[in-house]
$ cat protein22.txt   # compact mmCIF, C-alpha atoms
# COMPACT_ATOMS: atom_id res chain seq x y z
CA MET A 1 130.59 -28.67 91.44
CA SER A 2 133.66 -27.78 89.44
CA MET A 3 133.00 -26.98 85.83
CA LYS A 4 135.73 -26.90 83.25
CA ASN A 5 136.73 -23.32 82.41
CA VAL A 6 135.45 -22.58 78.89
CA TYR A 7 138.88 -21.12 78.04
CA ASP A 8 140.42 -24.58 78.57
CA ILE A 9 137.72 -26.12 76.40
CA LEU A 10 138.49 -23.66 73.58
CA VAL A 11 142.22 -24.34 73.85
CA GLU A 12 141.76 -28.11 73.99
CA ARG A 13 139.54 -28.14 70.92
CA GLY A 14 142.06 -26.04 68.99
CA TYR A 15 140.16 -22.76 68.54
CA VAL A 16 142.56 -20.32 70.16
CA GLU A 17 145.30 -18.73 68.08
CA GLN A 18 146.29 -15.57 70.01
CA ALA A 19 145.24 -13.94 73.28
CA THR A 20 146.06 -10.45 74.57
CA HIS A 21 146.32 -11.60 78.22
CA GLU A 22 146.00 -15.37 78.51
CA GLU A 23 146.00 -15.67 82.33
CA GLU A 24 143.63 -12.74 82.90
CA ILE A 25 141.17 -13.96 80.27
CA ARG A 26 141.10 -17.44 81.78
CA GLU A 27 140.56 -15.99 85.24
CA LEU A 28 137.83 -13.62 84.01
CA LEU A 29 135.95 -16.47 82.31
CA GLY A 30 136.21 -18.58 85.47
CA GLN A 31 134.72 -15.89 87.71
CA GLY A 32 131.23 -15.57 86.29
CA PRO A 33 129.25 -14.37 83.28
CA VAL A 34 131.31 -12.27 80.87
CA THR A 35 129.81 -10.21 78.05
CA PHE A 36 131.85 -10.68 74.86
CA TYR A 37 131.35 -9.78 71.22
CA ILE A 38 132.14 -10.97 67.72
CA GLY A 39 131.62 -8.72 64.70
CA PHE A 40 130.13 -9.93 61.42
CA ASP A 41 130.15 -7.76 58.28
CA PRO A 42 126.87 -8.26 56.40
CA THR A 43 128.45 -8.37 52.94
CA ALA A 44 126.23 -11.31 51.82
CA ASP A 45 122.73 -12.49 52.67
CA SER A 46 123.92 -15.60 54.52
CA LEU A 47 126.70 -16.68 56.85
CA HIS A 48 129.14 -19.21 55.38
CA VAL A 49 131.29 -22.01 56.77
CA GLY A 50 134.12 -19.58 57.59
CA HIS A 51 131.77 -17.82 60.05
CA PHE A 52 130.70 -21.11 61.57
CA ILE A 53 133.86 -21.42 63.71
CA GLN A 54 132.90 -18.13 65.35
CA VAL A 55 129.31 -19.30 65.83
CA MET A 56 130.62 -22.51 67.47
CA VAL A 57 132.71 -20.45 69.90
CA MET A 58 129.66 -18.33 70.73
CA MET A 59 127.74 -21.53 71.47
CA HIS A 60 130.52 -22.90 73.70
CA MET A 61 130.69 -19.57 75.53
CA GLN A 62 126.93 -19.30 75.96
CA GLN A 63 126.71 -22.88 77.24
CA ALA A 64 129.27 -21.89 79.89
CA GLY A 65 127.00 -19.03 81.03
CA HIS A 66 128.61 -16.10 79.20
CA ARG A 67 126.68 -13.52 77.18
CA PRO A 68 127.36 -13.15 73.46
CA ILE A 69 126.86 -9.95 71.51
CA ALA A 70 126.57 -10.58 67.78
CA LEU A 71 127.60 -7.27 66.28
CA ILE A 72 126.39 -6.73 62.74
CA GLY A 73 128.72 -4.33 60.97
CA GLY A 74 126.11 -2.27 59.16
CA GLY A 75 128.29 0.82 59.56
CA THR A 76 131.67 -0.76 58.89
CA ALA A 77 130.30 -2.66 55.86
CA MET A 78 129.92 0.73 54.20
CA VAL A 79 133.70 1.16 54.40
CA GLY A 80 135.19 -2.33 53.95
CA ASP A 81 137.89 -4.05 55.98
CA PRO A 82 141.43 -4.01 54.54
CA SER A 83 142.67 -6.89 56.72
CA GLY A 84 143.36 -10.09 54.81
CA ARG A 85 142.43 -8.48 51.50
CA THR A 86 144.45 -7.46 48.50
CA ASP A 87 141.82 -5.19 46.97
CA MET A 88 139.10 -2.80 48.00
CA ARG A 89 135.79 -4.37 48.87
CA LYS A 90 132.74 -3.42 46.85
CA MET A 91 130.48 -0.87 48.47
CA LEU A 92 127.00 -1.94 49.53
CA THR A 93 123.85 0.15 49.71
CA LEU A 94 122.05 0.69 53.01
CA GLU A 95 119.14 -1.46 51.73
CA GLN A 96 121.44 -4.39 50.91
CA ILE A 97 123.09 -4.15 54.32
CA GLN A 98 119.70 -3.99 56.04
CA LYS A 99 118.41 -7.03 54.15
CA ASN A 100 121.59 -9.02 54.90
CA SER A 101 121.41 -8.10 58.60
CA VAL A 102 117.88 -9.48 58.86
CA SER A 103 119.04 -12.81 57.34
CA PHE A 104 121.97 -12.97 59.78
CA LYS A 105 119.69 -12.46 62.77
CA LYS A 106 117.50 -15.34 61.63
CA GLN A 107 120.52 -17.62 61.20
CA PHE A 108 122.06 -16.67 64.56
CA SER A 109 118.80 -17.46 66.32
CA ARG A 110 119.16 -21.11 65.31
CA PHE A 111 122.42 -21.36 67.28
CA ILE A 112 122.25 -18.72 69.99
CA ASP A 113 119.51 -18.17 72.59
CA PHE A 114 118.51 -14.48 72.47
CA SER A 115 115.68 -14.84 75.02
CA GLN A 116 115.68 -12.81 78.28
CA GLY A 117 118.86 -10.93 77.37
CA LYS A 118 120.96 -14.12 77.22
CA ALA A 119 122.48 -12.75 74.03
CA ILE A 120 122.27 -9.43 72.24
CA MET A 121 122.36 -8.51 68.60
CA VAL A 122 123.30 -4.95 67.69
CA ASN A 123 124.24 -3.08 64.55
CA ASN A 124 127.16 -0.64 64.63
CA ALA A 125 125.30 1.57 62.14
CA ASP A 126 123.34 2.72 65.22
CA TRP A 127 126.30 4.71 66.48
CA LEU A 128 128.77 4.97 63.59
CA LEU A 129 126.41 6.65 61.11
CA GLU A 130 125.59 9.43 63.57
CA LEU A 131 129.20 10.34 64.39
CA ASN A 132 130.40 13.90 64.02
CA TYR A 133 133.73 13.72 62.20
CA VAL A 134 135.54 16.55 63.99
CA GLU A 135 134.49 15.31 67.44
CA PHE A 136 135.40 11.73 66.53
CA MET A 137 138.87 12.79 65.41
CA ARG A 138 139.37 14.89 68.53
CA ASP A 139 138.11 12.27 71.04
CA ILE A 140 139.12 8.99 69.39
CA GLY A 141 141.67 9.79 66.67
CA LYS A 142 144.08 11.32 69.21
CA HIS A 143 144.60 7.87 70.79
CA PHE A 144 145.94 6.26 67.60
CA SER A 145 149.56 6.39 66.44
CA VAL A 146 149.87 6.24 62.67
CA ASN A 147 153.43 4.89 63.02
CA ARG A 148 152.14 2.00 65.11
CA MET A 149 149.23 1.30 62.74
CA LEU A 150 151.63 1.06 59.81
CA THR A 151 153.54 -1.75 61.54
CA PHE A 152 150.45 -4.00 61.46
CA GLU A 153 150.41 -6.80 58.89
CA CYS A 154 147.00 -5.80 57.51
CA PHE A 155 148.33 -2.40 56.42
CA LYS A 156 151.82 -3.55 55.45
CA ASN A 157 150.63 -5.91 52.68
CA ARG A 158 148.53 -3.14 51.23
CA MET A 159 151.13 -0.38 51.20
CA GLU A 160 152.51 -1.32 47.76
CA LYS A 161 149.09 -1.41 46.12
CA GLY A 162 147.82 1.65 47.90
CA LEU A 163 145.65 1.85 50.96
CA SER A 164 142.86 4.40 50.86
CA PHE A 165 142.28 6.71 53.80
CA LEU A 166 138.78 5.25 53.93
CA GLU A 167 140.17 1.80 54.75
CA PHE A 168 142.82 3.23 57.03
CA ASN A 169 139.93 4.47 59.18
CA TYR A 170 138.55 0.95 59.54
CA MET A 171 140.68 0.16 62.58
CA LEU A 172 139.45 3.32 64.33
CA MET A 173 135.84 2.39 63.66
CA GLN A 174 136.19 -1.20 64.85
CA SER A 175 138.09 -0.06 67.94
CA TYR A 176 135.35 2.46 68.62
CA ASP A 177 132.77 -0.36 68.40
CA PHE A 178 134.55 -2.15 71.24
CA LEU A 179 134.59 1.06 73.32
CA GLU A 180 130.88 1.62 72.61
CA LEU A 181 129.95 -1.96 73.61
CA TYR A 182 132.15 -1.66 76.69
CA ARG A 183 130.24 1.48 77.72
CA ARG A 184 126.76 0.24 76.79
CA PHE A 185 126.86 -3.40 77.89
CA GLY A 186 130.00 -3.81 80.00
CA CYS A 187 131.52 -5.88 77.18
CA LYS A 188 135.11 -6.78 78.15
CA LEU A 189 136.16 -9.31 75.56
CA GLN A 190 136.31 -9.27 71.78
CA LEU A 191 136.71 -12.47 69.80
CA GLY A 192 137.35 -12.89 66.10
CA GLY A 193 139.24 -14.64 63.34
CA ASN A 194 143.01 -14.32 63.44
CA ASP A 195 142.89 -11.80 60.58
CA GLN A 196 141.24 -9.40 63.09
CA TRP A 197 144.13 -9.40 65.58
CA SER A 198 145.33 -5.84 64.92
CA ASN A 199 141.78 -4.42 64.93
CA ILE A 200 141.09 -6.17 68.25
CA LEU A 201 144.31 -4.80 69.76
CA GLY A 202 143.24 -1.33 68.62
CA GLY A 203 140.00 -1.67 70.63
CA VAL A 204 141.70 -3.08 73.76
CA GLU A 205 144.16 -0.15 73.77
CA LEU A 206 141.46 2.43 73.07
CA ILE A 207 139.39 1.29 76.08
CA ARG A 208 142.49 1.54 78.26
CA LYS A 209 143.38 5.03 77.02
CA ALA A 210 139.91 6.56 76.77
CA ASP A 211 138.22 4.99 79.84
CA GLU A 212 141.12 3.48 81.79
CA GLY A 213 139.21 0.21 81.41
CA ASN A 214 140.41 -3.37 81.20
CA ALA A 215 139.41 -5.20 78.04
CA TYR A 216 140.76 -8.28 76.33
CA GLY A 217 140.94 -9.92 72.94
CA LEU A 218 141.17 -13.46 71.65
CA THR A 219 141.50 -14.71 68.09
CA PHE A 220 140.72 -18.10 66.55
CA LYS A 221 142.40 -20.16 63.94
CA LEU A 222 140.82 -19.72 60.54
CA LEU A 223 139.33 -22.94 59.16
CA THR A 224 142.07 -24.34 56.95
CA THR A 225 143.13 -27.71 55.56
CA SER A 226 146.33 -29.42 56.69
CA GLU A 227 147.97 -27.75 53.66
CA GLY A 228 146.94 -24.33 54.96
CA LYS A 229 144.26 -23.72 52.31
CA LYS A 230 141.07 -21.98 53.47
CA MET A 231 138.18 -24.42 53.84
CA GLY A 232 134.58 -23.81 52.91
CA LYS A 233 135.15 -23.02 49.24
CA THR A 234 134.37 -25.27 46.29
CA GLU A 235 134.48 -24.89 42.52
CA ALA A 236 130.95 -23.53 42.79
CA GLY A 237 131.87 -20.92 45.43
CA ALA A 238 131.36 -20.64 49.17
CA ILE A 239 129.61 -23.25 51.31
CA TRP A 240 126.71 -21.29 52.80
CA LEU A 241 124.71 -22.00 55.96
CA ASP A 242 121.52 -21.06 54.12
CA ALA A 243 119.78 -24.16 52.72
CA GLU A 244 118.60 -22.16 49.69
CA LYS A 245 122.19 -21.29 48.73
CA THR A 246 123.87 -24.63 49.61
CA SER A 247 121.47 -27.57 49.86
CA PRO A 248 121.77 -29.73 53.00
CA PHE A 249 122.78 -32.62 50.72
CA ASP A 250 125.66 -30.64 49.15
CA PHE A 251 126.60 -29.34 52.60
CA TYR A 252 126.76 -32.91 53.94
CA GLN A 253 128.76 -34.06 50.91
CA TYR A 254 131.32 -31.31 51.45
CA TRP A 255 132.18 -32.61 54.95
CA ARG A 256 131.87 -36.24 53.88
CA ASN A 257 134.65 -35.57 51.38
CA VAL A 258 137.24 -33.69 53.47
CA ASP A 259 140.79 -35.03 53.28
CA ASP A 260 141.83 -37.65 55.84
CA PRO A 261 144.30 -35.39 57.72
CA ASP A 262 141.55 -32.75 58.26
CA VAL A 263 138.97 -35.02 59.90
CA GLU A 264 140.12 -34.67 63.51
CA ASN A 265 140.48 -30.90 63.32
CA CYS A 266 137.00 -30.48 61.77
CA LEU A 267 135.44 -32.77 64.39
CA ALA A 268 137.05 -30.72 67.18
CA LEU A 269 136.10 -27.32 65.77
CA LEU A 270 132.72 -27.98 64.15
CA THR A 271 130.96 -30.52 66.41
CA PHE A 272 130.28 -30.90 70.12
CA LEU A 273 131.51 -34.51 70.26
CA PRO A 274 133.68 -35.12 73.38
CA MET A 275 137.40 -34.80 72.67
CA ASP A 276 138.28 -38.42 73.45
CA GLU A 277 135.74 -39.46 70.80
CA VAL A 278 137.20 -36.87 68.40
CA ARG A 279 140.70 -38.29 68.90
CA ARG A 280 139.47 -41.86 68.52
CA LEU A 281 137.75 -41.02 65.22
CA GLY A 282 140.67 -38.92 63.98
CA ALA A 283 143.06 -41.83 64.56
CA LEU A 284 141.12 -44.25 62.31
CA GLU A 285 142.99 -45.30 59.18
CA GLY A 286 142.38 -46.59 55.68
CA ALA A 287 138.75 -47.31 54.81
CA GLU A 288 137.83 -46.89 58.50
CA ILE A 289 138.35 -43.12 58.32
CA ASN A 290 135.25 -42.93 56.09
CA LYS A 291 133.16 -43.81 59.14
CA ALA A 292 134.65 -40.76 60.89
CA LYS A 293 133.84 -38.60 57.85
CA GLU A 294 130.24 -39.78 57.90
CA ILE A 295 129.97 -38.86 61.58
CA LEU A 296 131.57 -35.46 60.88
CA ALA A 297 129.21 -34.74 57.97
CA TYR A 298 126.18 -35.87 59.96
CA GLU A 299 127.06 -33.86 63.09
CA VAL A 300 127.83 -30.60 61.25
CA THR A 301 124.74 -30.92 59.04
CA LYS A 302 122.62 -31.64 62.13
CA LEU A 303 123.89 -28.46 63.84
CA VAL A 304 123.30 -26.28 60.80
CA HIS A 305 120.16 -27.79 59.23
CA GLY A 306 118.60 -29.91 61.99
CA GLU A 307 118.44 -33.63 62.60
CA GLU A 308 115.86 -34.44 59.95
CA GLU A 309 117.83 -32.85 57.08
CA ALA A 310 121.02 -34.51 58.33
CA LYS A 311 119.34 -37.93 58.24
CA LYS A 312 117.97 -37.29 54.76
CA ALA A 313 121.38 -36.19 53.49
CA ALA A 314 123.08 -39.23 55.04
CA GLN A 315 120.52 -41.57 53.46
CA GLY A 316 120.90 -39.81 50.12
CA ALA A 317 124.66 -40.22 50.25
CA LYS A 318 124.41 -43.89 51.24
CA ALA A 319 121.99 -44.67 48.42
CA LEU A 320 124.27 -42.90 45.99
CA PHE A 321 127.55 -44.43 47.01
CA GLY A 322 126.12 -47.79 48.02
CA GLY A 323 125.27 -48.20 44.34
CA GLY A 324 121.52 -47.91 44.82
CA GLN A 325 120.84 -44.81 42.75
CA ASP A 326 117.21 -44.63 43.80
CA SER A 327 117.34 -42.00 46.49
CA GLU A 328 114.64 -39.55 47.43
CA ASN A 329 117.13 -37.17 49.02
CA ILE A 330 119.33 -36.21 46.09
CA PRO A 331 118.52 -32.76 44.66
CA PHE A 332 116.38 -33.15 41.53
CA SER A 333 114.66 -31.25 38.74
CA GLU A 334 111.55 -32.31 36.88
CA LEU A 335 111.40 -32.48 33.12
CA LYS A 336 108.05 -32.69 31.35
CA LYS A 337 107.72 -35.38 28.68
CA ASP A 338 106.83 -32.79 26.06
CA GLN A 339 109.98 -30.84 26.93
CA LEU A 340 111.95 -34.01 26.26
CA GLY A 341 110.07 -34.65 22.99
CA GLN A 342 112.35 -36.42 20.52
CA GLY A 343 115.34 -35.76 22.80
CA ILE A 344 117.10 -32.93 24.61
CA ASP A 345 120.74 -31.91 24.19
CA ILE A 346 123.03 -32.14 27.21
CA LEU A 347 123.73 -28.37 27.45
CA SER A 348 120.01 -27.52 27.54
CA LEU A 349 119.48 -30.21 30.16
CA LEU A 350 122.30 -28.85 32.35
CA LEU A 351 120.83 -25.36 32.06
CA HIS A 352 117.36 -26.70 32.89
CA ALA A 353 118.77 -28.37 36.04
CA GLY A 354 120.51 -25.16 37.09
CA LEU A 355 123.90 -26.90 37.06
CA ILE A 356 125.45 -24.32 34.73
CA SER A 357 124.79 -20.64 34.22
CA SER A 358 125.56 -20.62 30.50
CA LYS A 359 126.16 -23.03 27.63
CA GLY A 360 129.74 -21.78 27.49
CA GLU A 361 130.31 -22.99 31.02
CA GLY A 362 128.74 -26.34 30.07
CA ARG A 363 131.09 -26.73 27.10
CA ARG A 364 134.09 -25.98 29.32
CA LEU A 365 132.98 -28.55 31.90
CA ILE A 366 132.47 -31.23 29.24
CA GLN A 367 135.88 -30.41 27.72
CA GLN A 368 137.48 -30.91 31.14
CA GLY A 369 135.67 -34.24 31.54
CA GLY A 370 133.58 -32.92 34.41
CA ILE A 371 130.06 -34.08 33.38
CA TYR A 372 128.72 -37.62 33.74
CA VAL A 373 125.31 -38.98 32.80
CA ASN A 374 124.34 -42.22 34.55
CA ASP A 375 128.03 -42.67 35.44
CA HIS A 376 129.28 -42.31 31.86
CA ARG A 377 131.54 -39.39 31.10
CA VAL A 378 130.07 -37.03 28.51
CA GLU A 379 132.57 -36.46 25.66
CA ASP A 380 130.35 -34.64 23.19
CA PHE A 381 128.68 -31.18 23.52
CA ALA A 382 126.01 -32.27 21.06
CA LEU A 383 124.95 -35.39 23.02
CA VAL A 384 121.17 -35.81 22.80
CA LEU A 385 119.36 -37.68 25.57
CA GLY A 386 116.07 -39.46 24.91
CA GLU A 387 113.51 -41.38 26.91
CA ASN A 388 115.56 -44.59 26.80
CA ASP A 389 118.31 -42.84 28.83
CA PHE A 390 115.90 -42.63 31.77
CA SER A 391 115.58 -45.66 34.02
CA GLN A 392 112.17 -45.72 35.75
CA GLY A 393 111.75 -42.11 34.67
CA LYS A 394 115.01 -40.97 36.30
CA LEU A 395 118.39 -39.96 35.00
CA MET A 396 121.43 -39.07 37.13
CA ILE A 397 123.83 -36.25 36.28
CA ARG A 398 127.12 -35.82 38.08
CA LYS A 399 129.08 -32.57 37.88
CA GLY A 400 132.72 -32.83 39.00
CA LYS A 401 133.39 -35.39 41.70
CA LYS A 402 130.71 -34.50 44.13
CA VAL A 403 127.65 -32.70 42.77
CA TYR A 404 124.83 -35.13 41.99
CA HIS A 405 121.53 -34.10 40.45
CA GLN A 406 118.60 -36.22 39.36
CA ILE A 407 116.30 -35.49 36.43
CA ARG A 408 112.80 -36.92 36.85
CA LEU A 409 110.43 -37.28 33.91
CA VAL A 410 106.91 -36.15 34.75

$ encode --input "protein22.txt" --output "structure tokens"
Amino acid sequence: MSMKNVYDILVERGYVEQATHEEEIRELLGQGPVTFYIGFDPTADSLHVGHFIQVMVMMHMQQAGHRPIALIGGGTAMVGDPSGRTDMRKMLTLEQIQKNSVSFKKQFSRFIDFSQGKAIMVNNADWLLELNYVEFMRDIGKHFSVNRMLTFECFKNRMEKGLSFLEFNYMLMQSYDFLELYRRFGCKLQLGGNDQWSNILGGVELIRKADEGNAYGLTFKLLTTSEGKKMGKTEAGAIWLDAEKTSPFDFYQYWRNVDDPDVENCLALLTFLPMDEVRRLGALEGAEINKAKEILAYEVTKLVHGEEEAKKAAQGAKALFGGGQDSENIPFSELKKDQLGQGIDILSLLLHAGLISSKGEGRRLIQQGGIYVNDHRVEDFALVLGENDFSQGKLMIRKGKKVYHQIRLV
């Protein structure tokens, strides 16, 4: 039986941005199981939507019989990666990194099968933190040309502002990771976001120079809108894969509200729908495109949070936008009748619901016309809400265009 080469699948769906050796990589992936790795720096306690492209690629690769290594950058996170950044990253403690790594492992296990060695998760702290500096410089540093490193984009944009020697070492450390994984697990392929291109090249060249080995690299498009803006960020911050940090309802809403031109791309990159279906949905126009957005939101939420949460979120959204405000699946807070008393002012209510972090933020939002109660825009900071504002013991707050929150009287 002839199976489609996973490289062709990745190209067709629009993941691939750059490849070190296109023909060789395609051939390698067609020959049999290949061990490959993607690095993730544990700088937060959850993966976010930006990481999800990489997780999708790992899933495609694993389904085709290849073996993923999820490399947690416990060592590199202590240094910070200069690529794609304009400033130095804040330093994390070993405890923070450890805690974040544990969360990552749990999240990866929802998408990747780690049983019977089908995938591996390792932490580069295991080898980087033990390195002897003089030996490292003598064995690894000798293979790197400073002149060549300075031609890379990631260093060029930082030269004006100043690039610390600490960050300049980052490429050596990431390249050394690739060499280490090549030696330990026979890992021949590194994948990553396009901002990692120069670091990946560093590793491919190091394996060739140090071990006369063949290794390859492939980068993916970063998740951006048709205007080139990075996706996965909202007014409230990143869209996380952790349900505690971004509720499944808000997660669903984010994809339900993407711009029309971005629907096809998101369907191709973030779902497993067949490509002819993706093209059919992406070609819908006018009000029809909303159907495609619902399918996109449902499919991505199902992958990340499971079918049940996806159904709940879809029902919640339908109830909300179909005019029936009585939905069980919209995030809510409870308010005791004695807390309401003779009435509660809007800023205290927003704080109670966790929709703002301070009254100052609430005032700003109201000034900008960003707070609605039961679909009426709030114009006055001093607005007091009483029992008659609740219909059947419920009141609906909307923050901005898309964040809905119910207050239930108990």

$ atom_distance --input "protein22.txt" --atom1 "atom CA of A:Phe144" --atom2 "atom CA of A:Gly202"
8.1 Å

$ residues_around --input "protein22.txt" --residues "A:Gln174" --least-positions-apart "3" --cutoff "7 Å" --atoms "only C-alpha atoms" --output "VMD selection string"
chain A and resid 170 to 171 177 to 178 199 203

$ atom_distance --input "protein22.txt" --atom1 "atom CA of A:Lys209" --atom2 "atom CA of A:Met78"
26.8 Å

$ closest_residue --input "protein22.txt" --among "A:Leu281, A:Val403, A:Leu349, A:Leu269" --to "A:Glu12" --atoms "only C-alpha atoms"
A:Leu269

$ closest_atom_pairs --input "protein22.txt" --of "stretch 46-126 of chain A" --to "stretch 246-266 of chain A" --cutoff "10 Å" --atoms "only C-alpha atoms" --output "tab-separated table"
residue	atom	partner	partner_atom	distance
A:His48	CA	A:Thr246	CA	9.5
A:Val49	CA	A:Phe251	CA	9.6
A:Ile53	CA	A:Cys266	CA	9.8

$ atom_distance --input "protein22.txt" --atom1 "atom CA of A:Leu320" --atom2 "atom CA of A:Tyr404"
8.8 Å

$ closest_residue --input "protein22.txt" --among "A:Phe381, A:Phe165, A:Phe220, A:Tyr176" --to "A:Gly50" --atoms "only C-alpha atoms"
A:Phe220

$ closest_residue --input "protein22.txt" --among "A:Val384, A:Thr301, A:Lys401, A:Phe272" --to "A:Gly369" --atoms "all atoms listed in the file"
A:Lys401

$ residues_near_point --input "protein22.txt" --point "(138.8, 10.5, 75.5)" --cutoff "10 Å" --atoms "only C-alpha atoms" --output "JSON, numbers by chain"
{"A": [136, 138, 139, 140, 141, 142, 143, 206, 207, 209, 210, 211, 212]}

$ closest_residue --input "protein22.txt" --among "A:Val55, A:Leu29, A:Met149, A:Val11" --to "A:Ser109" --atoms "only C-alpha atoms"
A:Val55

$ residues_near_point --input "protein22.txt" --point "(133.4, -4.0, 59.8)" --cutoff "12 Å" --atoms "all atoms listed in the file" --output "PyMOL selection string"
chain A and resi 38-43+71-83+89+97+123-125+128+167+169-178+192+196+199-200

$ closest_residue --input "protein22.txt" --among "A:Leu150, A:Val122, A:Leu191, A:Ile69" --to "A:Leu218" --atoms "only C-alpha atoms"
A:Leu191

$ closest_residue --input "protein22.txt" --among "A:Asp242, A:Leu355, A:Leu179, A:Leu10" --to "A:Ser103" --atoms "only C-alpha atoms"
A:Asp242

$ residues_around --input "protein22.txt" --residues "A:Tyr216" --least-positions-apart "3" --cutoff "7 Å" --atoms "all atoms listed in the file" --output "PDB file with C-alpha atoms, in the coordinates of the input"
ATOM      1  CA  THR A  20     146.060 -10.450  74.570  1.00  0.00           C
ATOM      2  CA  HIS A  21     146.320 -11.600  78.220  1.00  0.00           C
ATOM      3  CA  ILE A  25     141.170 -13.960  80.270  1.00  0.00           C
ATOM      4  CA  LYS A 188     135.110  -6.780  78.150  1.00  0.00           C
ATOM      5  CA  LEU A 189     136.160  -9.310  75.560  1.00  0.00           C
ATOM      6  CA  GLN A 190     136.310  -9.270  71.780  1.00  0.00           C
ATOM      7  CA  VAL A 204     141.700  -3.080  73.760  1.00  0.00           C
TER       8      VAL A 204
END

$ decode --input "protein22.txt" --residues "stretch 7-12 of chain A" --atoms "all heavy atoms" --output "PDB file, in the first residue's frame"
ATOM      1  N   TYR A   7       6.053  14.373   4.471  1.00  0.00           N
ATOM      2  CA  TYR A   7       6.622  15.660   4.033  1.00  0.00           C
ATOM      3  C   TYR A   7       5.646  16.358   3.072  1.00  0.00           C
ATOM      4  O   TYR A   7       5.423  17.565   3.181  1.00  0.00           O
ATOM      5  CB  TYR A   7       7.984  15.439   3.353  1.00  0.00           C
ATOM      6  CG  TYR A   7       8.686  16.741   3.035  1.00  0.00           C
ATOM      7  CD1 TYR A   7       9.358  17.447   4.026  1.00  0.00           C
ATOM      8  CD2 TYR A   7       8.643  17.297   1.756  1.00  0.00           C
ATOM      9  CE1 TYR A   7       9.981  18.654   3.766  1.00  0.00           C
ATOM     10  CE2 TYR A   7       9.266  18.507   1.480  1.00  0.00           C
ATOM     11  CZ  TYR A   7       9.921  19.185   2.490  1.00  0.00           C
ATOM     12  OH  TYR A   7      10.525  20.394   2.226  1.00  0.00           O
ATOM     13  N   ASP A   8       5.055  15.565   2.151  1.00  0.00           N
ATOM     14  CA  ASP A   8       4.094  16.148   1.205  1.00  0.00           C
ATOM     15  C   ASP A   8       2.853  16.663   1.922  1.00  0.00           C
ATOM     16  O   ASP A   8       2.284  17.691   1.543  1.00  0.00           O
ATOM     17  CB  ASP A   8       3.684  15.105   0.151  1.00  0.00           C
ATOM     18  CG  ASP A   8       4.886  14.640  -0.677  1.00  0.00           C
ATOM     19  OD1 ASP A   8       5.833  15.435  -0.815  1.00  0.00           O
ATOM     20  OD2 ASP A   8       4.871  13.493  -1.165  1.00  0.00           O
ATOM     21  N   ILE A   9       2.455  15.934   2.970  1.00  0.00           N
ATOM     22  CA  ILE A   9       1.285  16.363   3.751  1.00  0.00           C
ATOM     23  C   ILE A   9       1.589  17.718   4.409  1.00  0.00           C
ATOM     24  O   ILE A   9       0.779  18.646   4.367  1.00  0.00           O
ATOM     25  CB  ILE A   9       0.929  15.308   4.830  1.00  0.00           C
ATOM     26  CG1 ILE A   9       0.433  14.021   4.151  1.00  0.00           C
ATOM     27  CG2 ILE A   9      -0.123  15.855   5.796  1.00  0.00           C
ATOM     28  CD1 ILE A   9       0.182  12.860   5.098  1.00  0.00           C
ATOM     29  N   LEU A  10       2.784  17.831   4.992  1.00  0.00           N
ATOM     30  CA  LEU A  10       3.153  19.081   5.676  1.00  0.00           C
ATOM     31  C   LEU A  10       3.229  20.246   4.697  1.00  0.00           C
ATOM     32  O   LEU A  10       2.825  21.368   5.003  1.00  0.00           O
ATOM     33  CB  LEU A  10       4.489  18.914   6.414  1.00  0.00           C
ATOM     34  CG  LEU A  10       4.504  17.888   7.562  1.00  0.00           C
ATOM     35  CD1 LEU A  10       5.898  17.807   8.184  1.00  0.00           C
ATOM     36  CD2 LEU A  10       3.467  18.213   8.638  1.00  0.00           C
ATOM     37  N   VAL A  11       3.750  19.976   3.499  1.00  0.00           N
ATOM     38  CA  VAL A  11       3.838  21.035   2.488  1.00  0.00           C
ATOM     39  C   VAL A  11       2.438  21.424   2.024  1.00  0.00           C
ATOM     40  O   VAL A  11       2.087  22.607   1.968  1.00  0.00           O
ATOM     41  CB  VAL A  11       4.708  20.583   1.284  1.00  0.00           C
ATOM     42  CG1 VAL A  11       4.597  21.582   0.131  1.00  0.00           C
ATOM     43  CG2 VAL A  11       6.164  20.443   1.715  1.00  0.00           C
ATOM     44  N   GLU A  12       1.618  20.419   1.740  1.00  0.00           N
ATOM     45  CA  GLU A  12       0.275  20.688   1.224  1.00  0.00           C
ATOM     46  C   GLU A  12      -0.561  21.495   2.217  1.00  0.00           C
ATOM     47  O   GLU A  12      -1.326  22.380   1.840  1.00  0.00           O
ATOM     48  CB  GLU A  12      -0.444  19.365   0.916  1.00  0.00           C
ATOM     49  CG  GLU A  12      -1.812  19.592   0.281  1.00  0.00           C
ATOM     50  CD  GLU A  12      -2.639  18.321   0.106  1.00  0.00           C
ATOM     51  OE1 GLU A  12      -2.365  17.306   0.790  1.00  0.00           O
ATOM     52  OE2 GLU A  12      -3.567  18.351  -0.708  1.00  0.00           O
TER      53      GLU A  12
END
